[in-house]
Amino acid sequence: MLVLFETAAGYAIFKVLDEQKLQQVDSLWKEFETPEKANKVVKLKHFEKFQDTTEALAAATAMVEGKLGKSLKKVLKKVVAKEAHEQLAITDAKLGGVIKEKLNLSCVHSPAVAELMRGIRNQMEGLITGLPAREISAMSLGLAHSLSRYKLKFSPDKVDTMIVQAICLLDDLDKELNNYIMRCREWYGWHFPELGKIITDNLAYCKSVRKIGDRTNVASMDLSEILPEEIEAEVKLAAEISMGTEVSEEDIANIMHLCDQVIEISEYRTQLYDYLKNRMMAIAPNLTVMVGELVGARLISHAGSLLNLAKHPASTVQILGAEKALFRALKTRRDTPKYGLIYHASLVGQTTAKNKGKISRMLAAKTALAIRYDALGEDTNAEMGVENRAKLEARLRYLEEKGIRRISGSGKALARADKYQHKSDVKVYDPSGDSTLPTVSKKRKIEELAEGEEEEKPVEAKAKKVKREAPTEGEAETEPPKKKKKKEKKKAEEESKPEEEETAVSPAEEKKKKKKVKEDD
């Protein structure tokens with residue numbers, strides 16, 4: 001029986017000297033306790049060494065995939081084919097089937113063979129002569145690294161760790177720049193406060209301060225390289241009438257040193273942004289087209305790596321970065337957030353507030369596809385990202401037009417709105433505001449108005465009472481006796497009233513009558 005044994009250095013073919021010992025599987029390990037004992041069981045027949053790491057990687061890859069490599073085929077034809085009647089012990093049953101099919105060799109794979117392979121591996125240094133232990137370990141390590149790279153399809157251009165570090169550094173630089181610029185403006189503001197209001201751009205402000213130094217130098221200074229002509233003239237005019245305090249040369253030197261720091265950091269930030277842009281286009285071109293370099297880099301940084309981001313569904317990509325808001329909403333049973341880091345993408349930014357949720361959901365779905373294509377696909381072009389972005393832009397236009405149509409109404413309403421109608425009111429000057437007379441109180445005004453209304457009302461004529469005619473004899477007979485009596489009573493009262501009125505005399509007339517009576521007496 002022959003044994004095929006694969007090593008990192010090459011292929012080894014062993015001849016089994018005592019096949020009866022293979023039947024005792026449980027005690028077989030005892031035969032390989034020492035190199036001397038091992039040499040009594042198996043003997044090296046042939047060793048085919050690999051020329052370089054590439055050949056070793058190709059052989060190992062073929063072995064892992066269960067294929068018959070060129071180098072193995074060559075060895076088997078050269079050595080084993082001569083002894084075709086012998087059985088070949090192998091570790092992989094799948095590889096045994098391929099060898100039997102192509103070379104017509106009978107292959108054996110059993111627990112006894114596995115135990116034999118384990119024994120050979122333990123005493124490999126003693127069985128394979130001419131290979132130092134250090135060389136074998138170096139070859140094993142090299143092959144392991146090469147095989148791992150092949151399995152992961154490793155490429156130095158696909159390292160997303162650089163993106164994670166670059167975007168974190170970019171954010172840190174922005175924070176530091178803001179602090180430095182704020183400190184610089186406040187510090188130099190004591191000497192020349194007007195300059196901060198005239199120059200709004202931070203970098204231009206620091207460059208101007210660096211060139212000016214003391215404000216007394218502004219008149220003789222040429223700032224045309226940094227500032228436009230109008231702003232330069234304004235700065236020179238402000239320097240002449242500045243309200244700032246005098247500072248020493250040492251203070252100016254420190255302020256200038258701070259300005260140098262700001263200018264250097266700004267230049268480095270620009271360089272870092274260009275590096276991030278190029279790296280994103282190399283690693284995730286489709287993601288970059290969909291959401292931009294900065295948002296794409298922040299998504300990768302938040303997930304940890306591009307592969308981790310590819311594992312997330314579209315719904316997670318949509319709210320990535322808004323975890324706090326999501327869990328707070330779930331806890332308080334309120335509406336969950338519609339977007340996270342994806343909110344800063346240009347497509348979401350240019351949408352109206354009403355459609356932001358819809359667009360962010362659609363963008364997240366297409367972005368999730370782009371991420372998976374970038375992470376797991378073999379192509380490095382951005383065609384898919386460009387197509388999906390075009391679709392999203394068309395959908396966005398449709399939503400915007402639909403919203404305008406809803407607001408404006410039907411076609412007739414639109415036509416009516418297009419027709420020009422002049423409805424301007426001519427305003428007349430009110431002279432009542434010019435009066436210097438004291439104003440009348442509101443209460444008095446209300447009373448005057450009420451009196452005027454009363455005078456205007458016409459006096460209502462009293463309705464005359466219509467006397468009812470006396471009933472006829474026939475009617476009188478028909479009426480009941482009680483009603484008849486009441487009517488007669490009323491009639492008598494009405495007749496007596498005018499007589500009383502006639503006989504009634506005023507008190508003055510009574511006095512006159514009394515006087516006449518006395519005179520007569």
# chains A, B, ... in the order shown; residues from 1 in each chain; ligands from 1
call {"tool": "residues_around", "arguments": {"residues": "stretch 206-211 of chain A", "least_positions_apart": "6", "cutoff": "10 Å", "atoms": "only C-alpha atoms", "output": "list in words"}}
result
Ile181, Cys184, Arg185, Tyr188, Phe192, Leu195, Ile199, Asn217, Val218, Met221, Asp222, Leu223, Glu225, Ile226, Leu227, Glu232, Ile252, Ala253, Ile255, Met256, His257, Leu258, Cys259, Asp260, Gln261, Val262 and Ile263 of chain A
call {"tool": "write_last_selection", "arguments": {"atoms": "C-alpha atoms", "output": "mmCIF file, in the first residue's frame"}}
result
data_model
loop_
_atom_site.group_PDB
_atom_site.id
_atom_site.type_symbol
_atom_site.label_atom_id
_atom_site.label_comp_id
_atom_site.auth_asym_id
_atom_site.auth_seq_id
_atom_site.Cartn_x
_atom_site.Cartn_y
_atom_site.Cartn_z
ATOM 1 C CA ILE A 181 -10.646 79.776 14.415
ATOM 2 C CA CYS A 184 -8.125 83.354 16.767
ATOM 3 C CA ARG A 185 -11.080 85.671 16.007
ATOM 4 C CA TYR A 188 -7.239 89.306 17.422
ATOM 5 C CA PHE A 192 -8.837 94.919 15.409
ATOM 6 C CA LEU A 195 -11.910 92.870 10.679
ATOM 7 C CA ILE A 199 -14.055 89.099 6.418
ATOM 8 C CA ASN A 217 0.476 98.153 8.796
ATOM 9 C CA VAL A 218 -2.778 97.805 6.831
ATOM 10 C CA MET A 221 -0.116 96.380 2.905
ATOM 11 C CA ASP A 222 -1.258 94.758 -0.359
ATOM 12 C CA LEU A 223 -4.029 92.199 0.342
ATOM 13 C CA GLU A 225 -3.942 88.077 -3.315
ATOM 14 C CA ILE A 226 -6.222 87.174 -0.385
ATOM 15 C CA LEU A 227 -9.203 89.574 -0.615
ATOM 16 C CA GLU A 232 -9.562 95.315 0.858
ATOM 17 C CA ILE A 252 0.940 89.514 17.743
ATOM 18 C CA ALA A 253 3.610 86.788 17.345
ATOM 19 C CA ILE A 255 -1.642 85.173 17.238
ATOM 20 C CA MET A 256 0.332 84.705 14.005
ATOM 21 C CA HIS A 257 1.558 81.302 15.183
ATOM 22 C CA LEU A 258 -2.082 80.272 15.797
ATOM 23 C CA CYS A 259 -3.008 81.499 12.288
ATOM 24 C CA ASP A 260 -0.203 79.334 10.844
ATOM 25 C CA GLN A 261 -1.661 76.304 12.629
ATOM 26 C CA VAL A 262 -5.159 77.016 11.234
ATOM 27 C CA ILE A 263 -3.814 77.417 7.662
#
call {"tool": "residues_around", "arguments": {"residues": "A:Ala59", "least_positions_apart": "6", "cutoff": "10 Å", "atoms": "only C-alpha atoms", "output": "number ranges by chain"}}
result
A: 6, 8, 10-11, 50, 53, 67-72
call {"tool": "write_last_selection", "arguments": {"atoms": "C-alpha atoms", "output": "PDB file, in the first residue's frame"}}
result
ATOM      1  CA  GLU A   6       0.646  16.544   1.389  1.00  0.00           C
ATOM      2  CA  ALA A   8       3.606  22.830   2.638  1.00  0.00           C
ATOM      3  CA  GLY A  10       5.673  19.346  -1.460  1.00  0.00           C
ATOM      4  CA  TYR A  11       4.080  15.928  -2.027  1.00  0.00           C
ATOM      5  CA  PHE A  50       7.339  22.808  -4.766  1.00  0.00           C
ATOM      6  CA  THR A  53       4.887  29.721  -3.046  1.00  0.00           C
ATOM      7  CA  LYS A  67      -9.571  18.842  -7.734  1.00  0.00           C
ATOM      8  CA  LEU A  68      -6.541  17.082  -9.233  1.00  0.00           C
ATOM      9  CA  GLY A  69      -3.758  19.661  -9.658  1.00  0.00           C
ATOM     10  CA  LYS A  70      -1.070  19.560 -12.365  1.00  0.00           C
ATOM     11  CA  SER A  71       1.805  18.878  -9.953  1.00  0.00           C
ATOM     12  CA  LEU A  72      -0.092  16.056  -8.185  1.00  0.00           C
TER      13      LEU A  72
END
call {"tool": "residues_around", "arguments": {"residues": "A:Gln123", "least_positions_apart": "5", "cutoff": "10 Å", "atoms": "only C-alpha atoms", "output": "list of chain:residue names"}}
result
A:Phe32, A:Glu33, A:Thr34, A:Pro35, A:Glu36, A:Lys37, A:Ala38, A:Asn39, A:Arg118, A:Ile128
call {"tool": "residues_around", "arguments": {"residues": "A:Ala114", "least_positions_apart": "4", "cutoff": "9 Å", "atoms": "only C-alpha atoms", "output": "list of chain:residue names"}}
result
A:Ile90, A:Thr91, A:His109, A:Ser110, A:Arg118, A:Gly119
call {"tool": "residues_around", "arguments": {"residues": "A:Tyr268", "least_positions_apart": "3", "cutoff": "12 Å", "atoms": "only C-alpha atoms", "output": "list in words"}}
result
Ala166, Leu169, Leu170, Leu173, Asp174, Leu177, Gln261, Val262, Ile263, Glu264, Ile265, Gln271, Leu272, Tyr273, Asp274 and Tyr275 of chain A
call {"tool": "write_last_selection", "arguments": {"atoms": "C-alpha atoms", "output": "compact mmCIF listing (two decimals), in the first residue's frame"}}
result
# COMPACT_ATOMS: atom_id res chain seq x y z
CA ALA A 166 -9.96 58.88 7.37
CA LEU A 169 -9.89 62.04 11.40
CA LEU A 170 -11.81 64.40 9.10
CA LEU A 173 -10.07 68.07 12.21
CA ASP A 174 -13.34 69.96 11.67
CA LEU A 177 -10.46 73.89 13.23
CA GLN A 261 -1.66 76.30 12.63
CA VAL A 262 -5.16 77.02 11.23
CA ILE A 263 -3.81 77.42 7.66
CA GLU A 264 -1.80 74.16 7.89
CA ILE A 265 -4.74 72.17 9.31
CA GLN A 271 -5.74 66.87 1.12
CA LEU A 272 -7.42 64.29 3.39
CA TYR A 273 -10.81 64.92 1.75
CA ASP A 274 -9.31 64.28 -1.72
CA TYR A 275 -7.71 61.06 -0.42
call {"tool": "residues_around", "arguments": {"residues": "A:Glu246", "least_positions_apart": "4", "cutoff": "9 Å", "atoms": "only C-alpha atoms", "output": "PDB file with C-alpha atoms, in the first residue's frame"}}
result
ATOM      1  CA  TRP A 190      -9.259  92.850  20.938  1.00  0.00           C
ATOM      2  CA  HIS A 191      -6.781  94.587  18.629  1.00  0.00           C
ATOM      3  CA  ASP A 214      -0.404  95.078  13.666  1.00  0.00           C
TER       4      ASP A 214
END
call {"tool": "closest_residue", "arguments": {"among": "A:Leu376, A:Val317, A:Val3, A:Leu341", "to": "A:Met362", "atoms": "only C-alpha atoms"}}
result
A:Val317
call {"tool": "residues_around", "arguments": {"residues": "A:Leu4", "least_positions_apart": "6", "cutoff": "7 Å", "atoms": "only C-alpha atoms", "output": "short mmCIF file (atom, residue, chain, number, x, y, z; two decimals) with all heavy atoms, in the first residue's frame"}}
result
data_model
loop_
_atom_site.label_atom_id
_atom_site.label_comp_id
_atom_site.auth_asym_id
_atom_site.auth_seq_id
_atom_site.Cartn_x
_atom_site.Cartn_y
_atom_site.Cartn_z
N ALA A 12 4.62 13.94 -0.67
CA ALA A 12 5.45 12.80 -0.24
C ALA A 12 4.67 11.50 -0.48
O ALA A 12 3.48 11.43 -0.17
CB ALA A 12 5.81 12.95 1.23
N ILE A 13 5.34 10.51 -1.05
CA ILE A 13 4.73 9.18 -1.27
C ILE A 13 5.47 8.20 -0.35
O ILE A 13 6.70 8.03 -0.46
CB ILE A 13 4.87 8.72 -2.74
CG1 ILE A 13 4.31 9.77 -3.71
CG2 ILE A 13 4.20 7.36 -2.94
CD1 ILE A 13 2.81 9.90 -3.72
N PHE A 14 4.69 7.57 0.55
CA PHE A 14 5.26 6.60 1.50
C PHE A 14 4.80 5.19 1.12
O PHE A 14 3.69 5.01 0.59
CB PHE A 14 4.81 6.90 2.93
CG PHE A 14 5.44 8.14 3.53
CD1 PHE A 14 4.77 9.35 3.52
CD2 PHE A 14 6.70 8.08 4.11
CE1 PHE A 14 5.33 10.48 4.07
CE2 PHE A 14 7.27 9.21 4.65
CZ PHE A 14 6.58 10.43 4.63
N LEU A 88 -3.76 3.17 -3.03
CA LEU A 88 -3.26 4.48 -2.62
C LEU A 88 -4.12 5.02 -1.47
O LEU A 88 -5.34 5.19 -1.63
CB LEU A 88 -3.29 5.45 -3.81
CG LEU A 88 -2.73 6.85 -3.55
CD1 LEU A 88 -1.22 6.79 -3.31
CD2 LEU A 88 -3.03 7.77 -4.73
N ALA A 89 -3.48 5.21 -0.33
CA ALA A 89 -4.20 5.74 0.84
C ALA A 89 -4.19 7.28 0.78
O ALA A 89 -3.12 7.89 0.63
CB ALA A 89 -3.54 5.28 2.13
N ILE A 90 -5.38 7.89 0.88
CA ILE A 90 -5.50 9.36 0.81
C ILE A 90 -6.38 9.87 1.96
O ILE A 90 -7.15 9.10 2.57
CB ILE A 90 -6.10 9.82 -0.54
CG1 ILE A 90 -7.43 9.07 -0.80
CG2 ILE A 90 -5.13 9.60 -1.68
CD1 ILE A 90 -8.24 9.66 -1.88
#
call {"tool": "closest_residue", "arguments": {"among": "A:Val235, A:Leu57, A:Ile212, A:Met162", "to": "A:Leu276", "atoms": "only C-alpha atoms"}}
result
A:Met162
call {"tool": "select_by_dssp", "arguments": {"residues": "stretch 284-355 of chain A", "states": "alpha helix (DSSP H)", "output": "JSON, numbers by chain"}}
result
{"A": [285, 286, 287, 288, 289, 290, 291, 293, 294, 295, 296, 297, 298, 299, 300, 301, 302, 303, 306, 307, 308, 309, 310, 311, 314, 315, 316, 317, 318, 319, 323, 324, 325, 326, 327, 328, 329, 330, 331, 332, 346, 347, 348, 349]}
call {"tool": "write_last_selection", "arguments": {"atoms": "N, CA and C atoms", "output": "compact mmCIF listing (two decimals), in the first residue's frame"}}
result
# COMPACT_ATOMS: atom_id res chain seq x y z
N PRO A 285 -17.64 52.30 -5.28
CA PRO A 285 -18.04 53.30 -6.29
C PRO A 285 -19.56 53.51 -6.38
N ASN A 286 -20.33 52.42 -6.28
CA ASN A 286 -21.79 52.52 -6.39
C ASN A 286 -22.39 53.24 -5.18
N LEU A 287 -21.87 52.94 -4.00
CA LEU A 287 -22.33 53.62 -2.78
C LEU A 287 -22.02 55.11 -2.85
N THR A 288 -20.84 55.46 -3.38
CA THR A 288 -20.43 56.86 -3.51
C THR A 288 -21.35 57.61 -4.46
N VAL A 289 -21.73 56.98 -5.56
CA VAL A 289 -22.64 57.62 -6.53
C VAL A 289 -24.00 57.85 -5.90
N MET A 290 -24.46 56.91 -5.09
CA MET A 290 -25.81 57.00 -4.50
C MET A 290 -25.92 58.07 -3.43
N VAL A 291 -25.00 58.10 -2.47
CA VAL A 291 -25.15 59.00 -1.31
C VAL A 291 -24.00 60.00 -1.13
N GLU A 293 -19.50 60.82 -1.00
CA GLU A 293 -18.32 60.26 -0.32
C GLU A 293 -18.46 60.29 1.20
N LEU A 294 -18.85 61.46 1.73
CA LEU A 294 -18.87 61.64 3.19
C LEU A 294 -19.93 60.76 3.85
N VAL A 295 -21.15 60.75 3.29
CA VAL A 295 -22.23 59.94 3.88
C VAL A 295 -21.90 58.46 3.76
N GLY A 296 -21.35 58.05 2.60
CA GLY A 296 -20.96 56.65 2.40
C GLY A 296 -19.89 56.22 3.39
N ALA A 297 -18.88 57.08 3.58
CA ALA A 297 -17.79 56.78 4.53
C ALA A 297 -18.33 56.70 5.96
N ARG A 298 -19.27 57.58 6.31
CA ARG A 298 -19.85 57.56 7.67
C ARG A 298 -20.67 56.29 7.90
N LEU A 299 -21.36 55.83 6.86
CA LEU A 299 -22.13 54.57 6.97
C LEU A 299 -21.19 53.38 7.20
N ILE A 300 -20.08 53.34 6.44
CA ILE A 300 -19.09 52.25 6.60
C ILE A 300 -18.48 52.31 7.99
N SER A 301 -18.15 53.54 8.44
CA SER A 301 -17.54 53.72 9.77
C SER A 301 -18.49 53.28 10.87
N HIS A 302 -19.77 53.61 10.71
CA HIS A 302 -20.77 53.26 11.73
C HIS A 302 -20.99 51.76 11.82
N ALA A 303 -20.97 51.09 10.65
CA ALA A 303 -21.18 49.62 10.63
C ALA A 303 -19.92 48.86 11.03
N LEU A 306 -17.20 47.50 5.35
CA LEU A 306 -18.11 47.44 4.20
C LEU A 306 -18.88 46.12 4.20
N LEU A 307 -18.22 45.03 4.61
CA LEU A 307 -18.87 43.72 4.65
C LEU A 307 -19.99 43.68 5.70
N ASN A 308 -19.73 44.28 6.86
CA ASN A 308 -20.77 44.36 7.91
C ASN A 308 -21.95 45.20 7.45
N LEU A 309 -21.65 46.29 6.71
CA LEU A 309 -22.72 47.15 6.20
C LEU A 309 -23.56 46.42 5.16
N ALA A 310 -22.90 45.55 4.37
CA ALA A 310 -23.61 44.77 3.34
C ALA A 310 -24.58 43.77 3.96
N LYS A 311 -24.32 43.37 5.21
CA LYS A 311 -25.20 42.40 5.90
C LYS A 311 -26.48 43.07 6.41
N ALA A 314 -32.16 47.03 4.17
CA ALA A 314 -32.37 48.43 3.76
C ALA A 314 -32.98 49.26 4.89
N SER A 315 -33.87 48.64 5.68
CA SER A 315 -34.52 49.37 6.78
C SER A 315 -33.51 49.81 7.84
N THR A 316 -32.47 48.99 8.06
CA THR A 316 -31.42 49.35 9.03
C THR A 316 -30.53 50.44 8.46
N VAL A 317 -30.21 50.34 7.16
CA VAL A 317 -29.38 51.37 6.51
C VAL A 317 -30.08 52.73 6.58
N GLN A 318 -31.43 52.70 6.46
CA GLN A 318 -32.21 53.94 6.48
C GLN A 318 -32.08 54.69 7.80
N ILE A 319 -32.10 53.96 8.94
CA ILE A 319 -32.07 54.63 10.26
C ILE A 319 -30.73 54.47 10.96
N GLU A 323 -30.08 55.51 16.28
CA GLU A 323 -30.45 54.42 17.19
C GLU A 323 -31.11 54.94 18.47
N LYS A 324 -30.57 56.04 18.98
CA LYS A 324 -31.11 56.62 20.22
C LYS A 324 -32.57 57.00 20.03
N ALA A 325 -32.83 57.70 18.93
CA ALA A 325 -34.20 58.15 18.63
C ALA A 325 -35.14 56.96 18.42
N LEU A 326 -34.62 55.90 17.78
CA LEU A 326 -35.43 54.70 17.52
C LEU A 326 -35.85 54.03 18.82
N PHE A 327 -34.89 53.80 19.72
CA PHE A 327 -35.22 53.10 20.97
C PHE A 327 -36.08 53.97 21.90
N ARG A 328 -35.88 55.30 21.82
CA ARG A 328 -36.72 56.19 22.62
C ARG A 328 -38.16 56.14 22.11
N ALA A 329 -38.31 56.10 20.77
CA ALA A 329 -39.64 56.03 20.17
C ALA A 329 -40.33 54.71 20.51
N LEU A 330 -39.58 53.62 20.49
CA LEU A 330 -40.16 52.31 20.83
C LEU A 330 -40.56 52.25 22.30
N LYS A 331 -39.75 52.89 23.14
CA LYS A 331 -40.02 52.89 24.58
C LYS A 331 -41.27 53.71 24.91
N THR A 332 -41.39 54.88 24.28
CA THR A 332 -42.53 55.79 24.56
C THR A 332 -43.73 55.53 23.64
N SER A 346 -27.57 64.07 -0.76
CA SER A 346 -28.08 65.19 -1.58
C SER A 346 -29.52 64.95 -2.05
N LEU A 347 -29.88 63.70 -2.36
CA LEU A 347 -31.24 63.40 -2.83
C LEU A 347 -32.29 63.70 -1.77
N VAL A 348 -31.98 63.39 -0.51
CA VAL A 348 -32.93 63.65 0.59
C VAL A 348 -32.96 65.16 0.89
N GLY A 349 -31.80 65.80 0.79
CA GLY A 349 -31.71 67.23 1.10
C GLY A 349 -32.49 68.11 0.16
call {"tool": "closest_residue", "arguments": {"among": "A:Thr270, A:Ser248, A:Thr54, A:Ser220", "to": "A:Gly142", "atoms": "only C-alpha atoms"}}
result
A:Thr54
call {"tool": "closest_residue", "arguments": {"among": "A:Thr7, A:Ala370, A:His312, A:Ala233", "to": "A:Ala144", "atoms": "only C-alpha atoms"}}
result
A:Thr7
call {"tool": "atom_distance", "arguments": {"atom1": "atom CA of A:Gly385", "atom2": "atom CA of A:Ile283"}}
result
13.4 Å
call {"tool": "decode", "arguments": {"residues": "stretch 256-271 of chain A", "atoms": "C-alpha atoms", "output": "compact mmCIF listing (two decimals), in the first residue's frame"}}
result
# COMPACT_ATOMS: atom_id res chain seq x y z
CA MET A 256 0.33 84.70 14.01
CA HIS A 257 1.56 81.30 15.18
CA LEU A 258 -2.08 80.27 15.80
CA CYS A 259 -3.01 81.50 12.29
CA ASP A 260 -0.20 79.33 10.84
CA GLN A 261 -1.66 76.30 12.63
CA VAL A 262 -5.16 77.02 11.23
CA ILE A 263 -3.81 77.42 7.66
CA GLU A 264 -1.80 74.16 7.89
CA ILE A 265 -4.74 72.17 9.31
CA SER A 266 -7.06 73.57 6.60
CA GLU A 267 -4.63 72.52 3.85
CA TYR A 268 -4.24 69.05 5.38
CA ARG A 269 -8.04 68.72 5.64
CA THR A 270 -8.41 69.48 1.91
CA GLN A 271 -5.74 66.87 1.12
